[in-house]
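Have a look at work-v5.txt below; it lists compact mmCIF, C-alpha atoms.
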```txt
# COMPACT_ATOMS: atom_id res chain seq x y z
CA MET A 896 104.19 85.64 209.67
CA SER A 897 101.50 84.87 212.24
CA LYS A 898 98.65 82.45 211.68
CA GLU A 899 96.21 85.24 212.48
CA ARG A 900 97.66 87.34 209.66
CA VAL A 901 97.38 84.49 207.17
CA ALA A 902 93.82 83.75 208.30
CA ASP A 903 92.89 87.41 207.82
CA TRP A 904 94.30 87.41 204.30
CA ILE A 905 92.28 84.31 203.49
CA ARG A 906 89.13 86.08 204.68
CA VAL A 907 90.03 89.11 202.56
CA LEU A 908 90.60 86.81 199.57
CA LEU A 909 87.14 85.28 199.99
CA LEU A 910 85.50 88.71 200.27
CA GLY A 911 87.27 89.76 197.08
CA ILE A 912 86.00 86.66 195.30
CA ILE A 913 82.43 87.37 196.40
CA GLU A 914 82.73 91.02 195.34
CA GLY A 915 84.09 90.06 191.93
CA ILE A 916 81.35 87.54 191.22
CA THR A 917 78.49 89.76 192.33
CA GLU A 918 79.52 93.30 191.32
CA PHE A 919 78.43 93.13 187.68
CA LEU A 920 75.78 90.44 187.94
CA PRO A 921 72.34 91.96 188.71
CA ILE A 922 72.13 90.23 192.09
CA SER A 923 73.30 92.84 194.65
CA SER A 924 76.92 92.69 195.76
CA THR A 925 75.90 94.55 198.93
CA GLY A 926 73.48 91.79 199.91
CA HIS A 927 76.13 89.12 199.46
CA LEU A 928 78.78 91.07 201.37
CA ILE A 929 76.41 91.64 204.30
CA ILE A 930 76.04 87.88 204.67
CA ALA A 931 79.70 87.14 203.98
CA GLU A 932 80.99 89.68 206.49
CA GLN A 933 79.15 87.93 209.30
CA ALA A 934 81.35 84.89 208.80
CA LEU A 935 84.49 86.59 207.47
CA GLY A 936 84.49 89.81 209.47
CA ALA A 937 83.28 93.28 208.53
CA ARG A 938 85.58 95.60 206.58
CA THR A 939 85.67 99.34 206.17
CA GLU A 940 83.69 101.14 203.49
CA LEU A 941 87.05 102.10 202.01
CA PHE A 942 88.00 98.44 201.58
CA ASN A 943 84.67 97.56 199.97
CA VAL A 944 84.80 100.50 197.56
CA VAL A 945 88.44 100.08 196.54
CA ILE A 946 88.24 96.36 195.80
CA GLN A 947 85.44 97.23 193.37
CA THR A 948 88.16 98.66 191.16
CA GLY A 949 89.39 95.11 190.72
CA ALA A 950 86.06 94.34 189.08
CA VAL A 951 86.53 97.47 186.95
CA LEU A 952 89.88 96.14 185.76
CA ALA A 953 88.10 92.97 184.65
CA VAL A 954 85.63 95.00 182.58
CA LEU A 955 88.50 96.90 180.98
CA LEU A 956 90.04 93.60 179.92
CA VAL A 957 86.78 92.04 178.71
CA PHE A 958 85.85 95.12 176.67
CA TRP A 959 89.38 95.95 175.54
CA LYS A 960 88.54 95.75 171.84
CA ARG A 961 85.38 97.79 172.31
CA LEU A 962 87.23 100.43 174.32
CA LYS A 963 89.99 100.53 171.73
CA GLU A 964 87.37 101.09 169.04
CA LEU A 965 85.74 103.88 171.04
CA THR A 966 89.13 105.52 171.59
CA LEU A 967 90.62 105.24 168.11
CA HIS A 968 87.42 105.99 166.20
CA TRP A 969 85.92 108.58 168.52
CA ASN A 970 85.25 110.91 165.58
CA ASP A 971 83.16 108.33 163.74
CA PRO A 972 79.53 109.55 163.98
CA ALA A 973 78.15 106.36 165.56
CA THR A 974 81.07 106.02 167.98
CA HIS A 975 80.97 109.71 168.90
CA ASP A 976 77.25 109.46 169.59
CA TYR A 977 77.80 106.46 171.87
CA LEU A 978 80.63 108.18 173.76
CA VAL A 979 78.62 111.36 174.30
CA LYS A 980 75.71 109.38 175.71
CA LEU A 981 78.05 107.37 177.93
CA MET A 982 79.59 110.58 179.26
CA ALA A 983 76.17 112.15 179.76
CA ALA A 984 74.96 109.17 181.80
CA PHE A 985 78.08 109.40 183.97
CA VAL A 986 77.69 113.18 184.46
CA ILE A 987 74.08 112.66 185.58
CA THR A 988 75.22 110.08 188.12
CA ALA A 989 78.22 112.13 189.28
CA ALA A 990 76.22 115.34 189.71
CA GLY A 991 73.44 113.55 191.54
CA GLY A 992 75.95 111.67 193.68
CA LEU A 993 77.70 114.86 194.74
CA LEU A 994 74.38 116.41 195.72
CA LEU A 995 73.44 113.32 197.72
CA LYS A 996 76.83 113.38 199.43
CA LYS A 997 76.56 117.09 200.20
CA PHE A 998 73.22 116.62 201.94
CA HIS A 999 74.30 113.27 203.47
CA TYR A 1000 71.34 111.55 201.85
CA LYS A 1001 71.93 107.83 201.75
CA LEU A 1002 70.11 105.00 203.43
CA ALA A 1003 72.27 102.88 205.69
CA ALA A 1004 72.98 99.42 204.34
CA SER A 1005 71.09 97.69 207.15
CA PRO A 1006 70.24 94.00 206.59
CA LEU A 1007 66.49 94.63 206.52
CA ARG A 1008 66.71 97.46 203.99
CA VAL A 1009 69.11 95.50 201.79
CA ALA A 1010 66.87 92.43 202.00
CA TRP A 1011 63.79 94.36 200.86
CA ALA A 1012 65.70 96.17 198.12
CA THR A 1013 67.07 92.85 196.89
CA MET A 1014 63.66 91.17 196.84
CA ILE A 1015 61.87 94.14 195.28
CA GLY A 1016 64.57 94.27 192.62
CA GLY A 1017 63.98 90.60 191.90
CA LEU A 1018 60.24 91.14 191.54
CA VAL A 1019 60.87 94.09 189.21
CA ILE A 1020 63.13 91.93 187.03
CA LEU A 1021 60.43 89.25 186.78
CA ALA A 1022 57.74 91.83 186.00
CA VAL A 1023 59.85 93.53 183.33
CA GLU A 1024 60.82 90.26 181.68
CA ARG A 1025 57.18 89.16 181.66
CA TRP A 1026 56.18 92.47 180.05
CA LEU A 1027 58.95 92.16 177.45
CA LYS A 1028 58.03 88.60 176.49
CA GLY A 1029 57.48 88.45 172.74
CA LYS A 1030 58.55 92.05 172.20
CA ALA A 1031 61.35 92.96 169.80
CA LEU A 1032 64.18 94.89 171.45
CA ALA A 1033 66.38 97.37 169.59
CA ASP A 1034 70.14 97.56 169.21
CA ARG A 1035 70.31 101.38 169.28
CA LEU A 1036 71.20 103.40 172.35
CA THR A 1037 68.88 106.41 172.53
CA TRP A 1038 69.06 109.55 174.65
CA PRO A 1039 66.14 108.53 176.89
CA ILE A 1040 67.97 105.26 177.62
CA ALA A 1041 71.24 107.03 178.44
CA VAL A 1042 69.49 109.47 180.80
CA ALA A 1043 67.45 106.71 182.44
CA VAL A 1044 70.54 104.58 183.04
CA GLY A 1045 72.38 107.53 184.60
CA LEU A 1046 69.43 108.10 186.94
CA ALA A 1047 69.21 104.38 187.67
CA GLN A 1048 72.72 104.47 189.09
CA LEU A 1049 71.54 107.09 191.58
CA VAL A 1050 68.72 104.78 192.65
CA ALA A 1051 71.30 102.09 193.35
CA ALA A 1052 73.39 104.58 195.34
CA VAL A 1053 70.45 105.62 197.51
CA PHE A 1054 69.02 102.13 198.06
CA PRO A 1055 71.77 99.65 198.99
CA GLY A 1056 70.86 96.20 197.74
CA SER A 1057 69.08 97.39 194.62
CA SER A 1058 72.22 96.57 192.57
CA ARG A 1059 73.89 99.08 190.25
CA SER A 1060 74.02 96.65 187.34
CA GLY A 1061 70.48 95.48 188.04
CA THR A 1062 68.88 98.93 188.06
CA THR A 1063 70.79 100.13 185.00
CA ILE A 1064 70.14 97.05 182.89
CA ILE A 1065 66.44 96.98 183.75
CA ALA A 1066 66.11 100.70 182.97
CA ALA A 1067 67.63 100.10 179.54
CA LEU A 1068 65.41 97.06 178.90
CA LEU A 1069 62.28 98.99 179.84
CA LEU A 1070 63.10 101.57 177.17
CA GLY A 1071 63.62 98.92 174.50
CA LEU A 1072 67.37 98.22 174.41
CA ASN A 1073 68.24 94.57 173.89
CA ARG A 1074 69.91 92.56 176.63
CA PRO A 1075 73.49 92.34 175.27
CA ARG A 1076 73.63 96.09 174.54
CA ALA A 1077 72.01 96.92 177.89
CA ALA A 1078 74.64 94.84 179.70
CA GLU A 1079 77.46 96.40 177.69
CA PHE A 1080 76.34 99.98 178.39
CA SER A 1081 75.87 99.20 182.09
CA PHE A 1082 79.32 97.67 182.37
CA LEU A 1083 81.11 100.43 180.46
CA LEU A 1084 79.33 103.07 182.54
CA GLY A 1085 80.50 101.25 185.64
CA ILE A 1086 84.13 101.99 184.76
CA PRO A 1087 84.14 105.77 185.45
CA THR A 1088 81.45 105.42 188.12
CA LEU A 1089 83.25 102.88 190.30
CA LEU A 1090 86.70 104.38 189.70
CA SER A 1091 85.56 107.86 190.74
CA ALA A 1092 83.89 106.42 193.85
CA ALA A 1093 87.13 104.66 194.81
CA VAL A 1094 89.23 107.80 194.25
CA LEU A 1095 86.89 109.90 196.40
CA GLU A 1096 86.88 107.27 199.14
CA VAL A 1097 90.68 107.03 199.23
CA TYR A 1098 91.02 110.83 199.20
CA SER A 1099 88.51 111.16 202.03
CA ALA A 1100 90.26 108.47 204.08
CA ARG A 1101 93.69 110.06 203.61
CA HIS A 1102 92.31 113.51 204.37
CA GLN A 1103 90.86 112.21 207.64
CA GLY A 1104 94.12 110.50 208.52
CA ALA A 1105 92.69 106.99 208.31
CA THR A 1106 95.11 104.08 208.12
CA ILE A 1107 94.80 102.04 204.94
CA GLU A 1108 95.85 98.40 205.05
CA TRP A 1109 97.08 98.25 201.49
CA THR A 1110 98.13 94.59 201.58
CA SER A 1111 94.59 93.47 202.42
CA VAL A 1112 93.14 95.90 199.87
CA MET A 1113 95.39 94.57 197.10
CA ILE A 1114 94.55 90.95 197.91
CA GLY A 1115 90.85 91.78 197.70
CA PHE A 1116 91.46 93.81 194.55
CA ALA A 1117 93.24 90.92 192.79
CA ALA A 1118 90.59 88.38 193.80
CA ALA A 1119 87.79 90.67 192.63
CA ALA A 1120 89.53 91.25 189.29
CA VAL A 1121 89.94 87.55 188.48
CA THR A 1122 86.44 86.49 189.49
CA ALA A 1123 84.75 89.54 187.92
CA PHE A 1124 86.48 88.76 184.62
CA ALA A 1125 84.96 85.26 184.62
CA ALA A 1126 81.55 86.54 185.76
CA VAL A 1127 81.33 89.26 183.10
CA LYS A 1128 82.45 86.93 180.32
CA TRP A 1129 79.84 84.38 181.41
CA LEU A 1130 77.02 86.94 181.64
CA LEU A 1131 77.73 88.36 178.19
CA ARG A 1132 77.40 84.86 176.72
CA TYR A 1133 74.36 84.07 178.84
CA VAL A 1134 72.29 87.09 177.78
CA GLN A 1135 72.77 86.24 174.11
CA THR A 1136 70.19 83.47 174.49
CA HIS A 1137 68.57 83.96 177.93
CA THR A 1138 66.52 86.52 179.83
CA PHE A 1139 67.23 87.84 183.34
CA VAL A 1140 64.44 85.79 184.91
CA LEU A 1141 66.89 83.49 186.70
CA PHE A 1142 68.43 86.49 188.45
CA GLY A 1143 64.99 87.70 189.51
CA TYR A 1144 64.24 84.44 191.31
CA TYR A 1145 67.74 84.35 192.78
CA ARG A 1146 67.36 87.85 194.22
CA ILE A 1147 64.06 86.98 195.85
CA ALA A 1148 65.63 83.90 197.45
CA LEU A 1149 68.65 85.93 198.59
CA GLY A 1150 66.42 88.60 200.12
CA ILE A 1151 64.48 85.96 202.05
CA VAL A 1152 67.73 84.49 203.38
CA ILE A 1153 68.88 87.93 204.57
CA LEU A 1154 65.52 88.49 206.26
CA LEU A 1155 65.72 85.14 208.03
CA LEU A 1156 69.22 85.93 209.24
CA ALA A 1157 68.42 89.55 210.11
CA LYS A 1158 68.22 88.94 213.86
CA LYS A 1159 71.70 87.49 213.84
CA LEU A 1160 73.04 90.16 211.51
```

Please, can you express the file's structure as structure tokens?
Amino acid sequence: MSKERVADWIRVLLLGIIEGITEFLPISSTGHLIIAEQALGARTELFNVVIQTGAVLAVLLVFWKRLKELTLHWNDPATHDYLVKLMAAFVITAAGGLLLKKFHYKLAASPLRVAWATMIGGLVILAVERWLKGKALADRLTWPIAVAVGLAQLVAAVFPGSSRSGTTIIAALLLGLNRPRAAEFSFLLGIPTLLSAAVLEVYSARHQGATIEWTSVMIGFAAAAVTAFAAVKWLLRYVQTHTFVLFGYYRIALGIVILLLAKKL
């Protein structure tokens, strides 16, 4: 095995680690990958989308008991209501995503656009948390919240750098859902959303005759799964006693870094 091959796998491993840490934290995985790929080498969109499924696997493991409850007790009124709202949010995102794809409407993930989306997202988080200060948040998932979260995923799809988890969690918070429940709904909704995106990307690549380097993809997948598991577990504990203010400041700092490096990117 050549040294170049080993070095490439190490770079893939590092990209998978970065993807896993940032995918479900509200800090923009796109922004981090833009910076990382300058040092580690750019990868195809297929690679970036497929390794996200590693992060999905982590969520499946973290929420195994919750998913088991939703599956085995789907006919329980409260569980059925939650499942229907989860499915509705996904359908909104899927339908909107197909329309966007049909009309080729998506902003390119250029460094400047990602930087501004990251910073604006950080400012929004700070503004929302300031507005929520002292307010009591509910534990109940309502229809307006489910619809808003589904639409929020479309915002993240159109504006790279806005962060899927960030937009969905903030949408839920704005409508009064408490932080742990907002994070849970965002993460569970990410399962069908990210999986469907990966399936479509693989199908499109195979249909176009693209070559898929499965070894690199699987290394990135495994790295993303392990690190995402740790990140999700940490965030769920963190939001029990903290707000998202720290992430707001972090996003602003990250956006500034991307702007400063934009000429080199």

One number please: CA of Ile1064 in chain A to CA of Lys980 in chain A, in Å, one decimal.
15.3 Å

Would you mind telling me which residue in A:His999, A:Ser1111, A:Leu920, A:Val1044 lies nearest to Ala902 in chain A when using all atoms listed in the file?
A:Ser1111

With 7 Å as the cut-off and only C-alpha atoms counted, what is the closest atom pair between each nearby residue of range 897-1011 of chain A and range 1141-1150 of chain A? Distances in Å to one decimal, ordered by chain and number, as a Markdown table.
```
| residue | atom | partner | partner_atom | distance |
| --- | --- | --- | --- | --- |
| A:Pro921 | CA | A:Phe1142 | CA | 6.7 |
| A:Ile922 | CA | A:Arg1146 | CA | 5.7 |
| A:Ala1010 | CA | A:Gly1150 | CA | 4.3 |
| A:Trp1011 | CA | A:Gly1150 | CA | 6.4 |
```

For CA of Leu1069 in chain A and CA of Phe1054 in chain A, determine how far apart the two atoms are, in Å to one decimal place.
19.7 Å

From CA of Leu1084 in chain A to CA of Val1042 in chain A the spacing works out at 11.9 Å

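Counting only C-alpha atoms, the residue from A:Leu978, A:Lys996, A:Ala1012, A:Asn943 that sits nearest to Thr966 in chain A is A:Leu978.
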
Excluding range 950-953 of chain A and any residue of its chain fewer than 6 positions from it, enumerate the residues within 6 Å of it, using all atoms listed in the file, and give them as an mmCIF file with C-alpha atoms, keeping the file's coordinate frame.
```cif
data_model
loop_
_atom_site.group_PDB
_atom_site.id
_atom_site.type_symbol
_atom_site.label_atom_id
_atom_site.label_comp_id
_atom_site.auth_asym_id
_atom_site.auth_seq_id
_atom_site.Cartn_x
_atom_site.Cartn_y
_atom_site.Cartn_z
ATOM 1 C CA GLY A 915 84.090 90.060 191.930
ATOM 2 C CA ILE A 1086 84.130 101.990 184.760
ATOM 3 C CA ALA A 1119 87.790 90.670 192.630
ATOM 4 C CA ALA A 1120 89.530 91.250 189.290
ATOM 5 C CA ALA A 1123 84.750 89.540 187.920
ATOM 6 C CA PHE A 1124 86.480 88.760 184.620
#
```

Of the listed residues A:Val1152, A:Met1113, A:Val1140, A:Leu1027, that which approaches Gly1061 in chain A most closely, counting all atoms listed in the file
A:Val1140

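Nearest to Arg1008 in chain A of all the residues A:Ala1041, A:Ile929, A:Val1127, A:Val1097 is A:Ile929, based on all atoms listed in the file.
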